[in-house]
Structures are given as structure tokens and as C-alpha cells.
Amino acid sequence: MRPRTVLSMEQALSLTYATLRFAQLGWRVIRLEATPTTPGVLPGDPNRHIGSRVVDEDRRSYFIAPNVGKEAIALNLKDPRGRAALHRIVRELKVDVFCSNTLPGRYRELGIDYETLSAIRPELIWAGISAMGPDYPETPGYDPMIQAMSGFMETTGFADGPPTLTGIPVIDLKAGDEVYANVMLGLADLAETGRGRRIDVSMLQAASSWLITTLPLIDCGAAPEEYTRWGNAHRKFIPTNVYPTSDGHIYMAMGSDLQWQRLVQIPKFAALASETRRTNNGRYAERAAIYRELGDVTKRHSTADIASDFAHNKIPHARINTIPEVRELPAIRWRLTSTRPPGRAPIHMQPMAVDLPGARTELSFAPSYGQHTDAVLGEAGVSADERRALRAAGVAA
């Protein structure tokens, strides 16, 4: 697929993650931010100002990774001159994909709605992320509130503890992946039909699509305990859980009765065997006792010893790594992407989701606020005098 041009009115994480994936493909990604119209409010994406200072005040640690490999422009779309400049960019740069994660209720007033932009460029693939889709145009959405709304918090944590957030903003990332996947589908359709399309991603709907192991259970006669919090244990496959060792913890995942037979053939675990426990249903009925008995064994041995036993007997397991340890895993280390801040050593970041030939694993550093406004407007045919006037009026930054 040839490189495309993506113009994205983006902030926070959900959409910036989606367009990062395009940048990794070698596509041109131009992120659009607003010019400040409220005194005392820091300019641009609020995430610019979150975390430790990396290079300057508007490129702090929380902003960097999702925004490498991109250009940045700033326009006031509340001003008709700003909207005209945006439309000129869409037309003259032959923008292939336009994205936004602002409130749907603001699309038309900002001149970024699909009807307006597709009239300028009929081939345009248009994608928007919002909390609950265009049917709820004024509802804001952030990952934690959608985790609460979609039941993710209800299924995370321990049964005797409070509902809990996941440690990673999974719904932001899921929504971003849906933009990525559906833009690709839109481009495939474009090749066949010659027409662009509108894509609306609801964070709530995208999150709920992942409830495949919980929502259907309601109509299958399952008890509520089967789709609420189970801590680190699997709700169905027993005795999948975290177990203490003499020097830490280990995770053991058991997906079949055959694996159980292998486990109880290990001498130190032989006492756990019984006729009832030969099947998963039997182990489910005795799960509390199995967790306790298994833990009583593992805590007397080191993590390395238990891991060796599990590995020798083909029982799926994993050490529980810290984030620095994950970075050093042989399967991950050489796949890390990177960027280089001005005058500093490289920053190593997360790997790409999938290895792709020709993909960019070293990307240019995240742009400062409005860094490319003048260049992009010039490329769109806006004269130097016009650009100066737009800056003077606060329409461009």
C-alpha cells in the first residue's frame, strides 16, 4: 500500500495511538491542534504538559511516544479563516484520511464534519472517535470513565475489593486500533468503489465488543459470580492463578485436564490429585481448596525451581516481570521502536504490534506545538503575507 497523508485533529491517547500506527507505516501524519482562546490555558493537546520534562515545556514524557513521526500544526477552527485554511490543506495536500476525537456535537461548527470535508475531497476516509458515538454528541469520553461504564472495572480486582481500573488504558488503545483497522477497510473499499466513507468509533461499543467472555453468560444461565471480579484467577479454567514462591510470585495458566494430570505427576504436587479433580468441572467445585493447597507448595520453593518444574512438564506459566524487565526480554528488546530528542540519547519505546516489512522503527521526535504550521500552510498555497496575517490574528500558531 502506498504511503498516505493523514490529517488528524487529535489529543489525549485514543486517536494519537491510531495515527502513530499510520506513522509507523511511513505515512505522513499531520496532527492538528487548536490555538488557545482562553487566557491561562496551556496551548494544544493537554497531554503535552503531562509528565517529566523531556526537551521543552510542551514535550513532556506522557506526550512523546504516541506522537513521534508526526508533524504538528495549530489553527483556530472557530474562526472562518481557520476553517478555510483547514479546507485548503485537505484539498491541496490531497489528504487521504481525516481523523478527529473531539465531541461529535462540534464537528459541523468546526467545519470538520464528513459532509463538509467529503465535498472538498470525495475520496476522503473520515474517522471519528467519541465516548458513545454520534448518537450522544455532547458526551465526553476518557478511558477510566468508559472502563467504569462498560463493566471493565466490575470484572477487574478481587471479589472482596472495590472495582478496579486496569493498569493500561486498554479502551483508548482498543478505540485507536478500531480506527486503524476500519481506515484500512475504507481504503480497500475505496480501491473498489472510488468512494470514501465515514467511520464512527464509539469507545463504549468498542470496549463492550470485548465482553465476549462475560455478556453472553447472562443468557446462558450463568451465576453472577461467573462474570464479576475473580482477582488473578481465571473464571473458568482451574487452577489458573498467581501463586506465591519463596522469592516472589509465578503465574500458572491451565487450559486442559491433560495439563492438570501433568501437574499432579510432579512429586511435590502429587497430593493435590483426586478423582473429583480430574475434570475442570470438578476442580471448579473445589477451587478454593486447590488454590490454597497449590500455594502452600509453591511458597516453599523459589520461582526458578517452580518455573523449571512447569517448563519440564509443559505447563504454561510465566514469571511476573516488572516493566524494565519486559524491555529486556529477548523477544521484545530488538523490536523496540525508538526516537531521538534533540541533543539527547535515543528514547526506546514500545514495539510495533506486528512486524511489517518496510515499517519505521525509528521515528522523528514528537513535534513541538505548531512546529509545522507555516510549512504546511505554505505547501497548501497560502502566501507568506497570508500566513503572517493568520498568525497576527491568532488564527494560526
# chains A, B, ... in the order shown; residues from 1 in each chain; ligands from 1
$ residues_around --residues "Arg91 of chain A" --least-positions-apart "3" --cutoff "8 Å" --atoms "only C-alpha atoms" --output "VMD selection string"
chain A and resid 87 to 88 94 to 95 120 to 121
$ write_last_selection --atoms "all heavy atoms" --output "short mmCIF file (atom, residue, chain, number, x, y, z; two decimals), in the first residue's frame"
data_model
loop_
_atom_site.label_atom_id
_atom_site.label_comp_id
_atom_site.auth_asym_id
_atom_site.auth_seq_id
_atom_site.Cartn_x
_atom_site.Cartn_y
_atom_site.Cartn_z
N HIS A 87 -9.57 23.58 5.15
CA HIS A 87 -10.15 23.03 3.93
C HIS A 87 -9.16 23.12 2.77
O HIS A 87 -9.10 22.23 1.91
CB HIS A 87 -11.45 23.76 3.60
CG HIS A 87 -12.50 23.60 4.65
ND1 HIS A 87 -13.61 24.42 4.74
CD2 HIS A 87 -12.61 22.71 5.68
CE1 HIS A 87 -14.36 24.04 5.77
NE2 HIS A 87 -13.76 23.02 6.36
N ARG A 88 -8.37 24.17 2.78
CA ARG A 88 -7.34 24.32 1.74
C ARG A 88 -6.28 23.23 1.86
O ARG A 88 -5.82 22.67 0.87
CB ARG A 88 -6.71 25.71 1.85
CG ARG A 88 -5.90 26.14 0.65
CD ARG A 88 -5.68 27.63 0.72
NE ARG A 88 -4.86 28.11 -0.38
CZ ARG A 88 -4.61 29.39 -0.63
NH1 ARG A 88 -5.12 30.32 0.19
NH2 ARG A 88 -3.87 29.75 -1.65
N LYS A 94 -4.15 16.89 -0.86
CA LYS A 94 -4.83 15.65 -1.24
C LYS A 94 -4.86 14.67 -0.06
O LYS A 94 -4.42 13.53 -0.14
CB LYS A 94 -4.16 15.01 -2.46
CG LYS A 94 -4.28 15.85 -3.73
CD LYS A 94 -3.63 15.15 -4.91
CE LYS A 94 -3.92 15.88 -6.22
NZ LYS A 94 -3.50 17.29 -6.21
N VAL A 95 -5.39 15.16 1.05
CA VAL A 95 -5.46 14.37 2.27
C VAL A 95 -6.28 13.10 2.03
O VAL A 95 -7.38 13.15 1.47
CB VAL A 95 -6.07 15.21 3.42
CG1 VAL A 95 -6.41 14.34 4.61
CG2 VAL A 95 -5.09 16.32 3.81
N ILE A 120 -15.21 18.50 -0.32
CA ILE A 120 -13.92 19.01 -0.80
C ILE A 120 -13.10 17.91 -1.45
O ILE A 120 -12.46 18.11 -2.49
CB ILE A 120 -13.14 19.65 0.36
CG1 ILE A 120 -13.91 20.83 0.94
CG2 ILE A 120 -11.73 20.06 -0.06
CD1 ILE A 120 -13.37 21.33 2.26
N ARG A 121 -13.14 16.73 -0.83
CA ARG A 121 -12.35 15.59 -1.33
C ARG A 121 -13.19 14.32 -1.20
O ARG A 121 -13.22 13.67 -0.15
CB ARG A 121 -11.05 15.49 -0.53
CG ARG A 121 -10.14 14.40 -1.05
CD ARG A 121 -8.69 14.71 -0.81
NE ARG A 121 -7.85 13.56 -1.04
CZ ARG A 121 -7.47 13.12 -2.24
NH1 ARG A 121 -7.86 13.76 -3.34
NH2 ARG A 121 -6.69 12.06 -2.36
#
$ closest_atom_pairs --of "segment 172-270 of chain A" --to "segment 280-286 of chain A" --cutoff "10 Å" --atoms "only C-alpha atoms" --output "Markdown table"
| residue | atom | partner | partner_atom | distance |
| --- | --- | --- | --- | --- |
| A:Arg235 | CA | A:Tyr284 | CA | 9.0 |
| A:Lys236 | CA | A:Tyr284 | CA | 7.4 |
| A:Phe237 | CA | A:Asn280 | CA | 6.7 |
| A:Ile238 | CA | A:Tyr284 | CA | 6.0 |
| A:Pro239 | CA | A:Arg283 | CA | 7.4 |
| A:Met254 | CA | A:Asn280 | CA | 9.6 |
| A:Gly255 | CA | A:Asn280 | CA | 9.0 |
| A:Ser256 | CA | A:Asn280 | CA | 7.5 |
| A:Asp257 | CA | A:Asn280 | CA | 6.4 |
| A:Trp260 | CA | A:Asn280 | CA | 8.8 |
$ write_last_selection --atoms "N, CA and C atoms" --output "compact mmCIF listing (two decimals), in the first residue's frame"
# COMPACT_ATOMS: atom_id res chain seq x y z
N ARG A 235 -11.86 -17.27 35.48
CA ARG A 235 -13.21 -17.59 35.93
C ARG A 235 -13.64 -19.01 35.58
N LYS A 236 -12.98 -19.62 34.62
CA LYS A 236 -13.42 -20.94 34.14
C LYS A 236 -12.37 -22.03 34.30
N PHE A 237 -11.12 -21.70 33.96
CA PHE A 237 -10.09 -22.73 33.92
C PHE A 237 -9.34 -22.77 35.25
N ILE A 238 -9.52 -23.85 35.97
CA ILE A 238 -8.99 -24.03 37.32
C ILE A 238 -7.82 -25.00 37.27
N PRO A 239 -6.67 -24.66 37.86
CA PRO A 239 -6.39 -23.60 38.83
C PRO A 239 -5.52 -22.46 38.29
N MET A 254 -3.71 -22.90 33.26
CA MET A 254 -4.06 -24.29 32.96
C MET A 254 -5.29 -24.32 32.06
N GLY A 255 -5.12 -24.84 30.85
CA GLY A 255 -6.20 -24.81 29.89
C GLY A 255 -6.80 -26.15 29.54
N SER A 256 -6.39 -27.24 30.22
CA SER A 256 -6.93 -28.56 29.88
C SER A 256 -6.74 -29.53 31.04
N ASP A 257 -7.52 -30.60 31.00
CA ASP A 257 -7.39 -31.65 32.01
C ASP A 257 -6.05 -32.38 31.87
N TRP A 260 -3.53 -30.64 33.88
CA TRP A 260 -3.69 -30.97 35.30
C TRP A 260 -3.02 -32.30 35.62
$ select_by_dssp --residues "segment 128-373 of chain A" --states "strand (DSSP E)" --output "number ranges by chain"
A: 128-130, 197-202, 241-245, 248-252, 317-319, 336-339, 347-351, 362-363
$ write_last_selection --atoms "N, CA and C atoms" --output "short mmCIF file (atom, residue, chain, number, x, y, z; two decimals), in the first residue's frame"
data_model
loop_
_atom_site.label_atom_id
_atom_site.label_comp_id
_atom_site.auth_asym_id
_atom_site.auth_seq_id
_atom_site.Cartn_x
_atom_site.Cartn_y
_atom_site.Cartn_z
N GLY A 128 -13.91 9.24 13.22
CA GLY A 128 -14.04 9.95 14.48
C GLY A 128 -14.14 8.98 15.65
N ILE A 129 -13.49 9.33 16.74
CA ILE A 129 -13.62 8.59 18.00
C ILE A 129 -14.37 9.48 18.98
N SER A 130 -15.36 8.91 19.66
CA SER A 130 -16.05 9.64 20.73
C SER A 130 -16.48 8.64 21.79
N ARG A 197 -15.47 7.06 2.84
CA ARG A 197 -16.51 6.62 3.79
C ARG A 197 -16.32 7.32 5.13
N ARG A 198 -17.37 7.32 5.92
CA ARG A 198 -17.35 7.83 7.28
C ARG A 198 -17.26 6.67 8.25
N ILE A 199 -16.40 6.80 9.25
CA ILE A 199 -16.23 5.78 10.29
C ILE A 199 -16.44 6.45 11.64
N ASP A 200 -17.34 5.93 12.43
CA ASP A 200 -17.57 6.44 13.79
C ASP A 200 -17.23 5.34 14.78
N VAL A 201 -16.27 5.60 15.65
CA VAL A 201 -15.88 4.63 16.67
C VAL A 201 -16.39 5.12 18.02
N SER A 202 -17.29 4.34 18.61
CA SER A 202 -17.76 4.58 19.97
C SER A 202 -16.85 3.83 20.93
N ASN A 241 -3.96 -19.15 38.03
CA ASN A 241 -3.91 -18.13 39.08
C ASN A 241 -2.46 -17.71 39.31
N VAL A 242 -2.26 -16.70 40.13
CA VAL A 242 -0.94 -16.30 40.62
C VAL A 242 -0.66 -17.08 41.91
N TYR A 243 0.57 -17.59 42.04
CA TYR A 243 0.93 -18.35 43.24
C TYR A 243 2.21 -17.78 43.85
N PRO A 244 2.26 -17.75 45.19
CA PRO A 244 3.47 -17.23 45.86
C PRO A 244 4.61 -18.24 45.75
N THR A 245 5.82 -17.72 45.70
CA THR A 245 7.02 -18.55 45.79
C THR A 245 7.86 -18.02 46.94
N GLY A 248 9.05 -14.60 45.51
CA GLY A 248 8.21 -13.75 44.65
C GLY A 248 6.90 -14.41 44.31
N HIS A 249 6.53 -14.38 43.03
CA HIS A 249 5.28 -14.97 42.55
C HIS A 249 5.49 -15.55 41.16
N ILE A 250 4.57 -16.44 40.77
CA ILE A 250 4.59 -17.00 39.43
C ILE A 250 3.15 -17.17 38.97
N TYR A 251 2.93 -16.99 37.67
CA TYR A 251 1.59 -17.21 37.12
C TYR A 251 1.55 -18.55 36.41
N MET A 252 0.54 -19.33 36.72
CA MET A 252 0.36 -20.63 36.07
C MET A 252 -1.00 -20.62 35.37
N HIS A 317 3.15 -21.18 31.98
CA HIS A 317 3.43 -20.36 33.16
C HIS A 317 4.23 -19.14 32.72
N ALA A 318 4.36 -18.19 33.61
CA ALA A 318 5.16 -17.00 33.32
C ALA A 318 5.64 -16.37 34.61
N ARG A 319 6.86 -15.89 34.57
CA ARG A 319 7.31 -15.01 35.64
C ARG A 319 6.55 -13.69 35.51
N LEU A 336 12.00 -3.06 19.86
CA LEU A 336 11.61 -1.76 20.39
C LEU A 336 11.75 -0.68 19.31
N THR A 337 10.76 0.21 19.26
CA THR A 337 10.91 1.38 18.40
C THR A 337 11.69 2.44 19.18
N SER A 338 12.14 3.47 18.47
CA SER A 338 12.94 4.50 19.15
C SER A 338 12.74 5.86 18.50
N THR A 339 13.13 6.88 19.23
CA THR A 339 13.15 8.24 18.72
C THR A 339 14.32 8.95 19.38
N ILE A 347 15.47 7.53 22.85
CA ILE A 347 14.46 7.02 23.76
C ILE A 347 13.89 5.75 23.15
N HIS A 348 13.96 4.65 23.89
CA HIS A 348 13.40 3.39 23.42
C HIS A 348 11.95 3.29 23.86
N MET A 349 11.10 2.90 22.91
CA MET A 349 9.66 2.89 23.16
C MET A 349 9.11 1.48 22.95
N GLN A 350 7.81 1.38 22.95
CA GLN A 350 7.12 0.11 22.77
C GLN A 350 7.38 -0.45 21.37
N PRO A 351 7.29 -1.77 21.19
CA PRO A 351 7.42 -2.34 19.84
C PRO A 351 6.17 -2.07 19.02
N GLU A 362 12.40 3.55 13.79
CA GLU A 362 12.99 4.76 14.37
C GLU A 362 12.27 5.95 13.77
N LEU A 363 11.60 6.72 14.60
CA LEU A 363 10.76 7.81 14.12
C LEU A 363 11.27 9.15 14.63
#
$ atom_distance --atom1 "atom CA of Pro122 of chain A" --atom2 "atom CA of Asn182 of chain A"
17.5 Å
$ residues_around --residues "Ile73 of chain A" --least-positions-apart "5" --cutoff "12 Å" --atoms "only C-alpha atoms" --output "ChimeraX atom specification"
/A:7-10,29-35,43-45,82,85-86,89,367-378,391,395-397
$ atom_distance --atom1 "atom CA of Asp113 of chain A" --atom2 "atom CA of Asp385 of chain A"
28.9 Å
$ select_by_dssp --residues "segment 32-225 of chain A" --states "alpha helix (DSSP H)" --output "number ranges by chain"
A: 61-64, 80-92, 114-120, 143-149, 170-193, 203-208
$ write_last_selection --atoms "C-alpha atoms" --output "short mmCIF file (atom, residue, chain, number, x, y, z; two decimals), in the first residue's frame"
data_model
loop_
_atom_site.label_atom_id
_atom_site.label_comp_id
_atom_site.auth_asym_id
_atom_site.auth_seq_id
_atom_site.Cartn_x
_atom_site.Cartn_y
_atom_site.Cartn_z
CA SER A 61 7.08 12.35 28.90
CA TYR A 62 3.39 11.40 28.59
CA PHE A 63 3.15 13.07 25.19
CA ILE A 64 6.21 11.69 23.44
CA PRO A 80 -13.81 31.11 9.48
CA ARG A 81 -10.26 31.88 8.33
CA GLY A 82 -9.01 28.87 10.26
CA ARG A 83 -11.67 26.64 8.72
CA ALA A 84 -10.80 27.95 5.26
CA ALA A 85 -7.13 27.16 5.88
CA LEU A 86 -8.02 23.63 7.01
CA HIS A 87 -10.15 23.03 3.93
CA ARG A 88 -7.34 24.32 1.74
CA ILE A 89 -4.94 21.84 3.32
CA VAL A 90 -7.39 18.98 2.73
CA ARG A 91 -7.73 19.95 -0.93
CA GLU A 92 -4.19 20.96 -1.86
CA TYR A 114 -17.79 14.34 6.98
CA GLU A 115 -20.28 16.12 4.71
CA THR A 116 -18.13 19.27 4.53
CA LEU A 117 -14.78 17.56 4.06
CA SER A 118 -16.02 14.90 1.62
CA ALA A 119 -17.47 17.66 -0.55
CA ILE A 120 -13.92 19.01 -0.80
CA ASP A 143 -10.59 5.74 29.23
CA PRO A 144 -11.30 5.45 33.01
CA MET A 145 -14.93 6.55 32.73
CA ILE A 146 -15.53 4.10 29.87
CA GLN A 147 -13.86 1.35 31.91
CA ALA A 148 -16.44 2.09 34.59
CA MET A 149 -19.36 2.33 32.17
CA VAL A 170 -6.94 -0.53 27.19
CA ILE A 171 -10.09 1.20 25.92
CA ASP A 172 -8.15 4.14 24.48
CA LEU A 173 -5.92 1.65 22.70
CA LYS A 174 -8.83 -0.52 21.56
CA ALA A 175 -10.57 2.54 20.07
CA GLY A 176 -7.35 3.52 18.31
CA ASP A 177 -6.98 0.04 16.86
CA GLU A 178 -10.56 0.23 15.56
CA VAL A 179 -9.73 3.46 13.71
CA TYR A 180 -6.63 1.84 12.26
CA ALA A 181 -8.47 -1.30 11.13
CA ASN A 182 -11.51 0.48 9.74
CA VAL A 183 -9.45 3.05 7.85
CA MET A 184 -7.69 0.13 6.18
CA LEU A 185 -11.09 -1.37 5.33
CA GLY A 186 -12.19 2.00 3.99
CA LEU A 187 -9.13 2.24 1.76
CA ALA A 188 -9.80 -1.27 0.45
CA ASP A 189 -13.38 -0.21 -0.39
CA LEU A 190 -12.07 2.98 -1.99
CA ALA A 191 -9.91 0.94 -4.34
CA GLU A 192 -13.02 -0.94 -5.49
CA THR A 193 -15.65 1.80 -5.47
CA MET A 203 -15.38 3.88 22.83
CA LEU A 204 -18.22 2.27 24.77
CA GLN A 205 -19.24 -0.01 21.91
CA ALA A 206 -15.64 -0.93 21.09
CA ALA A 207 -14.99 -1.78 24.74
CA SER A 208 -18.21 -3.79 25.03
#
$ closest_residue --among "A:Gly69, A:Pro330, A:Pro137, A:Gly157" --to "Arg360 of chain A" --atoms "only C-alpha atoms"
A:Gly69
$ closest_residue --among "A:Arg53, A:Arg300, A:Arg106, A:Arg2" --to "Tyr136 of chain A" --atoms "only C-alpha atoms"
A:Arg106
$ atom_distance --atom1 "atom CA of Thr214 of chain A" --atom2 "atom CA of Thr240 of chain A"
17.5 Å
$ closest_residue --among "A:Gln265, A:Val68, A:His301, A:Trp230" --to "Arg340 of chain A" --atoms "only C-alpha atoms"
A:Val68
$ closest_residue --among "A:Trp334, A:Phe365, A:Tyr291, A:Phe22" --to "Arg4 of chain A" --atoms "only C-alpha atoms"
A:Phe22
